[in-house]
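S.K.: my_file09.cif is reproduced in full below (mmCIF, C-alpha atoms and all ligand atoms).
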data_target
#
loop_
_atom_site.group_PDB
_atom_site.id
_atom_site.type_symbol
_atom_site.label_atom_id
_atom_site.label_comp_id
_atom_site.auth_asym_id
_atom_site.auth_seq_id
_atom_site.Cartn_x
_atom_site.Cartn_y
_atom_site.Cartn_z
ATOM 1 C CA ASN A 641 84.612 24.253 299.391
ATOM 2 C CA ARG A 642 81.914 25.454 296.988
ATOM 3 C CA PHE A 643 80.512 21.913 296.587
ATOM 4 C CA SER A 644 79.950 21.119 300.235
ATOM 5 C CA GLU A 645 78.028 24.151 301.639
ATOM 6 C CA LYS A 646 75.575 24.682 298.745
ATOM 7 C CA THR A 647 72.509 22.477 298.303
ATOM 8 C CA TRP A 648 72.760 21.145 294.789
ATOM 9 C CA SER A 649 70.119 20.091 292.314
ATOM 10 C CA LEU A 650 70.106 18.403 288.941
ATOM 11 C CA ASN A 651 69.733 21.646 286.991
ATOM 12 C CA ASP A 652 73.079 22.873 288.305
ATOM 13 C CA PHE A 653 74.654 20.339 285.921
ATOM 14 C CA ASP A 654 74.842 19.574 282.215
ATOM 15 C CA ILE A 655 74.627 15.785 282.029
ATOM 16 C CA GLY A 656 77.007 14.062 279.581
ATOM 17 C CA LYS A 657 77.578 10.484 278.451
ATOM 18 C CA PRO A 658 77.000 7.537 280.780
ATOM 19 C CA LEU A 659 80.370 6.353 282.160
ATOM 20 C CA GLY A 660 79.071 2.996 283.310
ATOM 21 C CA ARG A 661 76.506 0.980 285.119
ATOM 22 C CA GLY A 662 76.508 0.379 288.853
ATOM 23 C CA LYS A 663 74.397 -1.968 291.012
ATOM 24 C CA PHE A 664 71.914 0.717 292.087
ATOM 25 C CA GLY A 665 72.068 3.074 289.127
ATOM 26 C CA ASN A 666 74.398 4.631 286.585
ATOM 27 C CA VAL A 667 77.320 7.042 286.591
ATOM 28 C CA TYR A 668 77.301 9.993 284.179
ATOM 29 C CA LEU A 669 79.881 12.492 283.084
ATOM 30 C CA ALA A 670 78.542 15.907 284.150
ATOM 31 C CA ARG A 671 79.610 19.530 284.172
ATOM 32 C CA GLU A 672 78.629 22.132 286.761
ATOM 33 C CA LYS A 673 77.094 24.968 284.732
ATOM 34 C CA LYS A 674 78.555 28.024 286.473
ATOM 35 C CA THR A 675 82.165 26.872 286.794
ATOM 36 C CA GLU A 676 82.211 24.280 283.968
ATOM 37 C CA PHE A 677 83.879 21.945 286.494
ATOM 38 C CA VAL A 678 83.679 18.355 285.229
ATOM 39 C CA VAL A 679 82.493 15.690 287.676
ATOM 40 C CA ALA A 680 81.065 12.174 287.706
ATOM 41 C CA LEU A 681 77.436 12.074 288.828
ATOM 42 C CA LYS A 682 76.430 8.749 290.396
ATOM 43 C CA VAL A 683 72.640 8.308 290.317
ATOM 44 C CA LEU A 684 71.173 5.807 292.802
ATOM 45 C CA PHE A 685 67.517 4.780 292.844
ATOM 46 C CA LYS A 686 65.970 5.015 296.315
ATOM 47 C CA ASN A 687 63.665 2.052 295.780
ATOM 48 C CA GLN A 688 66.606 -0.187 294.815
ATOM 49 C CA LEU A 689 68.620 1.028 297.814
ATOM 50 C CA ALA A 690 65.655 0.294 300.082
ATOM 51 C CA ALA A 691 65.047 -3.122 298.499
ATOM 52 C CA ALA A 692 68.687 -4.044 299.218
ATOM 53 C CA GLY A 693 68.541 -2.475 302.704
ATOM 54 C CA VAL A 694 71.669 -0.422 302.070
ATOM 55 C CA GLU A 695 70.462 3.127 302.837
ATOM 56 C CA TYR A 696 72.450 3.152 306.102
ATOM 57 C CA GLN A 697 75.539 1.892 304.253
ATOM 58 C CA LEU A 698 75.135 4.707 301.689
ATOM 59 C CA ARG A 699 74.884 7.333 304.450
ATOM 60 C CA ARG A 700 78.088 5.953 305.964
ATOM 61 C CA GLU A 701 79.795 5.912 302.522
ATOM 62 C CA ILE A 702 78.855 9.584 302.003
ATOM 63 C CA GLU A 703 79.940 10.551 305.536
ATOM 64 C CA ILE A 704 83.273 8.733 305.255
ATOM 65 C CA GLN A 705 84.263 9.550 301.671
ATOM 66 C CA SER A 706 83.326 13.242 301.913
ATOM 67 C CA HIS A 707 85.834 13.699 304.760
ATOM 68 C CA LEU A 708 88.750 11.858 303.131
ATOM 69 C CA ARG A 709 91.301 13.959 301.239
ATOM 70 C CA HIS A 710 94.018 11.935 299.535
ATOM 71 C CA PRO A 711 95.366 11.897 295.947
ATOM 72 C CA ASN A 712 94.664 8.136 295.699
ATOM 73 C CA ILE A 713 91.114 8.343 297.060
ATOM 74 C CA LEU A 714 88.333 9.505 294.740
ATOM 75 C CA ARG A 715 86.831 12.726 296.107
ATOM 76 C CA LEU A 716 83.158 12.889 297.035
ATOM 77 C CA PHE A 717 82.315 16.598 296.676
ATOM 78 C CA GLY A 718 78.704 16.431 297.813
ATOM 79 C CA TYR A 719 75.306 14.871 297.249
ATOM 80 C CA PHE A 720 71.657 15.764 296.745
ATOM 81 C CA TYR A 721 68.424 13.882 296.196
ATOM 82 C CA ASP A 722 64.956 14.197 294.690
ATOM 83 C CA LYS A 723 61.776 12.129 295.116
ATOM 84 C CA SER A 724 63.163 8.909 293.661
ATOM 85 C CA ARG A 725 66.944 9.223 293.427
ATOM 86 C CA VAL A 726 70.104 10.063 295.377
ATOM 87 C CA TYR A 727 72.922 11.801 293.440
ATOM 88 C CA LEU A 728 76.596 11.649 294.442
ATOM 89 C CA ILE A 729 78.882 14.388 293.049
ATOM 90 C CA LEU A 730 82.191 12.579 292.569
ATOM 91 C CA GLU A 731 85.625 13.362 291.165
ATOM 92 C CA TYR A 732 85.808 12.298 287.525
ATOM 93 C CA ALA A 733 88.496 9.637 286.878
ATOM 94 C CA PRO A 734 89.533 10.026 283.224
ATOM 95 C CA GLY A 735 91.385 6.703 283.116
ATOM 96 C CA GLY A 736 88.285 4.627 283.786
ATOM 97 C CA GLU A 737 88.158 1.334 285.643
ATOM 98 C CA LEU A 738 91.395 -0.373 286.599
ATOM 99 C CA TYR A 739 89.882 -3.849 286.274
ATOM 100 C CA LYS A 740 89.099 -3.227 282.589
ATOM 101 C CA LEU A 741 92.812 -2.471 282.087
ATOM 102 C CA LEU A 742 93.682 -5.685 283.978
ATOM 103 C CA GLN A 743 91.234 -7.706 281.851
ATOM 104 C CA LYS A 744 92.728 -6.243 278.674
ATOM 105 C CA SER A 745 96.383 -6.812 279.584
ATOM 106 C CA GLY A 746 95.853 -10.078 281.534
ATOM 107 C CA ARG A 747 98.306 -9.095 284.225
ATOM 108 C CA PHE A 748 100.479 -6.088 285.078
ATOM 109 C CA SER A 749 104.292 -5.821 285.107
ATOM 110 C CA GLU A 750 106.074 -5.910 288.477
ATOM 111 C CA GLU A 751 106.947 -2.218 287.917
ATOM 112 C CA GLN A 752 103.304 -1.181 287.372
ATOM 113 C CA THR A 753 102.042 -3.444 290.177
ATOM 114 C CA ALA A 754 104.559 -1.989 292.642
ATOM 115 C CA GLN A 755 103.418 1.539 291.725
ATOM 116 C CA TYR A 756 99.737 0.646 292.334
ATOM 117 C CA ILE A 757 100.520 -1.238 295.586
ATOM 118 C CA CYS A 758 102.574 1.729 296.847
ATOM 119 C CA SER A 759 99.669 4.127 296.132
ATOM 120 C CA LEU A 760 97.192 1.764 297.790
ATOM 121 C CA ALA A 761 99.397 1.346 300.860
ATOM 122 C CA HIS A 762 99.649 5.157 301.213
ATOM 123 C CA ALA A 763 95.877 5.603 300.757
ATOM 124 C CA LEU A 764 94.918 2.799 303.161
ATOM 125 C CA SER A 765 97.435 3.964 305.750
ATOM 126 C CA TYR A 766 95.812 7.430 305.523
ATOM 127 C CA CYS A 767 92.360 5.822 305.980
ATOM 128 C CA HIS A 768 93.549 3.917 309.049
ATOM 129 C CA HIS A 769 94.878 7.143 310.625
ATOM 130 C CA LYS A 770 91.251 8.307 310.265
ATOM 131 C CA HIS A 771 90.110 4.998 311.803
ATOM 132 C CA VAL A 772 88.419 4.013 308.554
ATOM 133 C CA ILE A 773 88.733 0.470 307.213
ATOM 134 C CA HIS A 774 87.725 -0.006 303.598
ATOM 135 C CA ARG A 775 87.046 -3.784 303.798
ATOM 136 C CA ASP A 776 86.302 -4.172 300.102
ATOM 137 C CA ILE A 777 89.521 -3.538 298.203
ATOM 138 C CA LYS A 778 88.986 -5.148 294.805
ATOM 139 C CA PRO A 779 89.812 -4.164 291.210
ATOM 140 C CA GLU A 780 86.174 -3.142 290.507
ATOM 141 C CA ASN A 781 86.498 -0.436 293.181
ATOM 142 C CA LEU A 782 89.611 1.132 291.666
ATOM 143 C CA LEU A 783 89.644 3.899 289.070
ATOM 144 C CA LEU A 784 92.471 5.653 287.226
ATOM 145 C CA GLY A 785 93.315 9.337 287.086
ATOM 146 C CA ALA A 786 94.631 11.344 284.131
ATOM 147 C CA LYS A 787 98.211 10.198 284.748
ATOM 148 C CA ASN A 788 97.255 6.541 285.363
ATOM 149 C CA GLU A 789 97.303 7.155 289.111
ATOM 150 C CA LEU A 790 95.143 4.826 291.179
ATOM 151 C CA LYS A 791 91.973 6.103 292.915
ATOM 152 C CA ILE A 792 90.071 4.055 295.496
ATOM 153 C CA ALA A 793 86.466 4.681 294.496
ATOM 154 C CA ASP A 794 83.848 2.751 296.405
ATOM 155 C CA PHE A 795 83.516 3.137 300.177
ATOM 156 C CA GLY A 796 80.218 1.256 300.273
ATOM 157 C CA TRP A 797 81.642 -1.310 302.687
ATOM 158 C CA SER A 798 83.937 0.977 304.664
ATOM 159 C CA VAL A 799 83.390 1.391 308.434
ATOM 160 C CA TYR A 800 84.952 3.078 311.436
ATOM 161 C CA ALA A 801 87.291 0.535 313.021
ATOM 162 C CA PRO A 802 86.926 -1.852 314.747
ATOM 163 C CA ASP A 803 83.695 -3.384 313.591
ATOM 164 C CA SER A 804 82.018 -6.753 313.321
ATOM 165 C CA ARG A 805 79.917 -6.800 310.170
ATOM 166 C CA ARG A 806 76.117 -6.719 310.548
ATOM 167 C CA GLN A 807 75.112 -6.627 306.866
ATOM 168 C CA THR A 808 75.351 -10.061 305.240
ATOM 169 C CA LEU A 809 78.101 -10.380 302.687
ATOM 170 C CA CYS A 810 77.116 -10.664 299.056
ATOM 171 C CA GLY A 811 79.156 -11.048 295.866
ATOM 172 C CA THR A 812 82.517 -12.724 295.625
ATOM 173 C CA LEU A 813 84.412 -13.944 298.692
ATOM 174 C CA ASP A 814 87.746 -13.728 296.836
ATOM 175 C CA TYR A 815 88.807 -10.459 298.427
ATOM 176 C CA LEU A 816 87.692 -11.065 302.002
ATOM 177 C CA ALA A 817 90.067 -11.747 304.896
ATOM 178 C CA PRO A 818 89.522 -14.938 306.944
ATOM 179 C CA GLU A 819 88.348 -13.055 310.061
ATOM 180 C CA MET A 820 85.761 -11.148 307.970
ATOM 181 C CA ILE A 821 84.326 -14.328 306.474
ATOM 182 C CA GLU A 822 84.088 -15.784 309.972
ATOM 183 C CA GLY A 823 82.129 -12.639 310.991
ATOM 184 C CA GLN A 824 84.674 -12.057 313.756
ATOM 185 C CA GLN A 825 85.757 -8.751 315.258
ATOM 186 C CA HIS A 826 88.120 -7.273 312.677
ATOM 187 C CA GLY A 827 90.394 -4.238 312.489
ATOM 188 C CA GLU A 828 92.461 -2.387 309.956
ATOM 189 C CA SER A 829 94.462 -5.519 309.125
ATOM 190 C CA VAL A 830 91.672 -6.758 306.838
ATOM 191 C CA ASP A 831 92.879 -4.104 304.384
ATOM 192 C CA ILE A 832 96.445 -5.457 304.581
ATOM 193 C CA TRP A 833 95.041 -8.847 303.529
ATOM 194 C CA GLY A 834 93.072 -7.077 300.755
ATOM 195 C CA LEU A 835 96.280 -5.418 299.546
ATOM 196 C CA GLY A 836 97.870 -8.877 299.292
ATOM 197 C CA VAL A 837 94.936 -10.246 297.298
ATOM 198 C CA LEU A 838 95.164 -7.308 294.881
ATOM 199 C CA MET A 839 98.965 -7.558 294.544
ATOM 200 C CA TYR A 840 98.610 -11.250 293.670
ATOM 201 C CA GLU A 841 95.830 -10.568 291.144
ATOM 202 C CA PHE A 842 97.792 -7.738 289.469
ATOM 203 C CA LEU A 843 100.890 -9.954 289.095
ATOM 204 C CA VAL A 844 99.203 -13.252 288.242
ATOM 205 C CA GLY A 845 95.931 -12.156 286.524
ATOM 206 C CA ARG A 846 93.551 -13.971 288.919
ATOM 207 C CA PRO A 847 92.869 -13.726 292.689
ATOM 208 C CA PRO A 848 94.981 -16.058 294.910
ATOM 209 C CA PHE A 849 92.177 -18.205 296.374
ATOM 210 C CA GLU A 850 89.968 -18.467 293.294
ATOM 211 C CA ALA A 851 88.119 -21.773 293.076
ATOM 212 C CA ALA A 852 85.154 -23.312 291.276
ATOM 213 C CA GLY A 853 82.726 -22.978 294.186
ATOM 214 C CA GLN A 854 82.259 -20.630 297.172
ATOM 215 C CA HIS A 855 82.964 -23.417 299.693
ATOM 216 C CA GLU A 856 86.278 -24.218 298.055
ATOM 217 C CA THR A 857 87.218 -20.513 297.962
ATOM 218 C CA TYR A 858 86.195 -20.295 301.635
ATOM 219 C CA ASN A 859 88.414 -23.256 302.552
ATOM 220 C CA ARG A 860 91.373 -21.899 300.592
ATOM 221 C CA ILE A 861 91.048 -18.499 302.316
ATOM 222 C CA MET A 862 90.693 -20.031 305.773
ATOM 223 C CA LYS A 863 93.845 -22.109 305.159
ATOM 224 C CA ALA A 864 95.571 -19.116 303.481
ATOM 225 C CA ASP A 865 96.363 -21.740 300.848
ATOM 226 C CA LEU A 866 98.682 -19.638 298.676
ATOM 227 C CA SER A 867 100.534 -20.934 295.625
ATOM 228 C CA ILE A 868 102.606 -18.363 293.743
ATOM 229 C CA PRO A 869 103.603 -19.035 290.085
ATOM 230 C CA ALA A 870 107.298 -19.277 289.193
ATOM 231 C CA HIS A 871 107.265 -16.080 287.061
ATOM 232 C CA VAL A 872 106.779 -13.979 290.215
ATOM 233 C CA SER A 873 110.100 -12.554 291.452
ATOM 234 C CA ASP A 874 111.511 -13.675 294.814
ATOM 235 C CA THR A 875 111.152 -10.200 296.362
ATOM 236 C CA ALA A 876 107.494 -9.979 295.223
ATOM 237 C CA ARG A 877 106.905 -13.497 296.584
ATOM 238 C CA ASP A 878 108.386 -12.467 299.927
ATOM 239 C CA LEU A 879 106.000 -9.479 300.244
ATOM 240 C CA LEU A 880 102.962 -11.571 299.216
ATOM 241 C CA GLN A 881 103.817 -14.136 301.901
ATOM 242 C CA GLN A 882 103.932 -11.348 304.518
ATOM 243 C CA LEU A 883 100.604 -9.818 303.428
ATOM 244 C CA LEU A 884 98.502 -12.979 303.024
ATOM 245 C CA VAL A 885 98.956 -14.291 306.573
ATOM 246 C CA LYS A 886 95.914 -15.845 308.293
ATOM 247 C CA ASP A 887 96.671 -14.361 311.719
ATOM 248 C CA PRO A 888 95.736 -10.628 311.421
ATOM 249 C CA LYS A 889 98.345 -9.679 314.049
ATOM 250 C CA ARG A 890 101.173 -11.196 312.013
ATOM 251 C CA ARG A 891 100.474 -9.317 308.736
ATOM 252 C CA ILE A 892 103.155 -6.807 307.664
ATOM 253 C CA PRO A 893 102.027 -3.232 308.566
ATOM 254 C CA PHE A 894 101.682 -0.606 305.816
ATOM 255 C CA HIS A 895 104.793 1.368 306.772
ATOM 256 C CA GLN A 896 106.866 -1.826 306.385
ATOM 257 C CA VAL A 897 105.190 -2.526 303.024
ATOM 258 C CA LEU A 898 106.410 0.880 301.829
ATOM 259 C CA ALA A 899 109.976 0.050 302.941
ATOM 260 C CA HIS A 900 109.975 -3.484 301.469
ATOM 261 C CA PRO A 901 112.836 -4.208 298.972
ATOM 262 C CA TRP A 902 110.334 -5.093 296.206
ATOM 263 C CA ILE A 903 108.658 -1.666 296.489
ATOM 264 C CA LEU A 904 111.973 0.183 296.812
ATOM 265 C CA GLU A 905 113.464 -1.522 293.746
ATOM 266 C CA HIS A 906 110.463 -0.569 291.544
ATOM 267 C CA VAL A 907 108.955 2.660 292.795
ATOM 268 C CA ARG A 908 109.991 6.313 292.890
ATOM 269 C CA GLN A 909 108.630 7.217 296.366
ATOM 270 C CA ILE A 910 106.010 9.691 295.115
ATOM 271 C CA PRO A 911 102.782 8.407 296.737
ATOM 272 C CA HIS A 912 100.295 9.375 293.999
HETATM 273 CL CL1 LIG B 1 82.713 7.558 290.084
HETATM 274 C C1 LIG B 1 83.596 7.748 288.660
HETATM 275 C C2 LIG B 1 84.461 8.759 288.344
HETATM 276 N N1 LIG B 1 84.943 8.540 287.105
HETATM 277 C C3 LIG B 1 84.387 7.378 286.664
HETATM 278 C C4 LIG B 1 84.539 6.655 285.454
HETATM 279 N N2 LIG B 1 85.381 7.161 284.514
HETATM 280 C C5 LIG B 1 85.595 6.697 283.219
HETATM 281 C C6 LIG B 1 86.531 7.358 282.451
HETATM 282 C C7 LIG B 1 86.811 6.961 281.143
HETATM 283 C C8 LIG B 1 86.156 5.869 280.584
HETATM 284 N N3 LIG B 1 86.429 5.465 279.276
HETATM 285 C C9 LIG B 1 87.761 5.810 278.755
HETATM 286 C C10 LIG B 1 87.862 5.522 277.266
HETATM 287 O O1 LIG B 1 87.434 4.211 276.966
HETATM 288 C C11 LIG B 1 86.076 3.963 277.333
HETATM 289 C C12 LIG B 1 85.875 4.160 278.826
HETATM 290 C C13 LIG B 1 85.204 5.184 281.374
HETATM 291 C C14 LIG B 1 84.929 5.595 282.674
HETATM 292 N N4 LIG B 1 83.862 5.508 285.274
HETATM 293 C C15 LIG B 1 83.039 5.034 286.261
HETATM 294 C C16 LIG B 1 82.362 3.780 286.014
HETATM 295 C C17 LIG B 1 81.448 3.245 286.908
HETATM 296 C C18 LIG B 1 80.830 2.041 286.620
HETATM 297 C C19 LIG B 1 81.158 1.375 285.469
HETATM 298 N N5 LIG B 1 82.051 1.902 284.612
HETATM 299 C C20 LIG B 1 82.655 3.066 284.885
HETATM 300 C C21 LIG B 1 82.853 5.723 287.448
HETATM 301 N N6 LIG B 1 83.544 6.881 287.615
#
What would the structure in this file look like if it were written as structure tokens?
M.R.:
Amino acid sequence: NRFSEKTWSLNDFDIGKPLGRGKFGNVYLAREKKTEFVVALKVLFKNQLAAAGVEYQLRREIEIQSHLRHPNILRLFGYFYDKSRVYLILEYAPGGELYKLLQKSGRFSEEQTAQYICSLAHALSYCHHKHVIHRDIKPENLLLGAKNELKIADFGWSVYAPDSRRQTLCGTLDYLAPEMIEGQQHGESVDIWGLGVLMYEFLVGRPPFEAAGQHETYNRIMKADLSIPAHVSDTARDLLQQLLVKDPKRRIPFHQVLAHPWILEHVRQIPH
């Protein structure tokens, strides 16, 4: 498409308001001058990327996300760079960050959660057909479209399956599958675990293995020590218990998630 062949530069865009702050730079609303097409422009500082040793990860993120086409995956249209910065031309998500919505409402209804989980299962199943594992499915990486549809946004940790992580993990352990924490060989099923962690957090308002300290969180994850509050319906409980299984081979596959009674009772089967 027009974004991918052309080499872009900053003066092809009118820069609008900042949408938010990221680790390595900010995201701005922007409009391509000729077509007036509205995008999100993610500006990353090269020196910060180098200091964190994530240039290779960024190249992989660009390579992976630019080839994915799915209504529940944020489009990466292209990128360009200048002396000190790298710019990613991304699809604008008018609904903003899903985790802000979760913070505001505390937790989501079973109806809304089932809709998000259905979209995520479709998007992740699409990724796995492309042999891409996301590995970092958490609320901070999810954005919302104009009709409140979910968009997976950050492929910074995604890899081509199977992979054993080389980059040390940083940030919260809450969303990581046991085999990832152990640094073992891992496949697509880490994203099935991640789907379970998200489903729990959407329904309950906090991640399932949250604890005061990292060691305690680590132990709870390794034991898959799951306790589900009474307000969660029996059918939702059943799906959670099939997603958050320690043994990667015994986790429910995505196509069975989409056919689970809890999804069927809450969701019109339109994937996005
Ligand atoms: Cl990439 C990308 C594409 N679209 C967005 C986006 N969109 C967006 C829309 C609307 C509102 N507002 C809606 C009214 O209330 C105020 C917030 C914010 C962000 N935000 C971020 C982002 C990144 C980091 C921190 N915070 C937000 C990254 N994005």
S.K.: Return as a ChimeraX atom specification every polymer residue, whether protein, DNA or RNA, with at least one atom no more than 9 Å from an atom of ligand LIG 1 (chain B); count all atoms listed in the file.
M.R.: /A:658-663,666-669,679-682,714-716,728-737,740,780-781,783-785,793-794
S.K.: Mind telling me what the PyMOL selection byres (((chain A and resi 762) around 12) and not hetatm) catches here, as JSON, numbers by chain?
M.R.: {"A": [710, 711, 712, 713, 755, 756, 757, 758, 759, 760, 761, 763, 764, 765, 766, 767, 768, 769, 790, 791, 792, 831, 832, 835, 893, 894, 895, 896, 897, 898, 899, 909, 910, 911, 912]}
S.K.: One number please: atom CA of A:Gln752 to atom CA of A:Leu884, in Å, one decimal.
M.R.: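 Those two atoms sit 20.2 Å apart.
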S.K.: Centre and edge lengths, as AutoDock Vina command-line options, for the axis-aligned box enclosing every listed atom of stretch 823-833 of chain A with 4 Å of padding on each of the six sides, in Å to one decimal?
M.R.:
--center_x 89.3 --center_y -7.5 --center_z 309.4 --size_x 22.3 --size_y 18.3 --size_z 19.7
S.K.: Give me, as a Markdown table, the closest atom pair and its distance (Å, one decimal) for every residue of stretch 803-853 of chain A within a cut-off of 9 Å of stretch 863-867 of chain A, counting all atoms listed in the file, rows sorted by chain and rising number.
M.R.:
| residue | atom | partner | partner_atom | distance |
| --- | --- | --- | --- | --- |
| A:Pro818 | CA | A:Ala864 | CA | 8.1 |
| A:Pro848 | CA | A:Leu866 | CA | 6.4 |
| A:Phe849 | CA | A:Leu866 | CA | 7.0 |
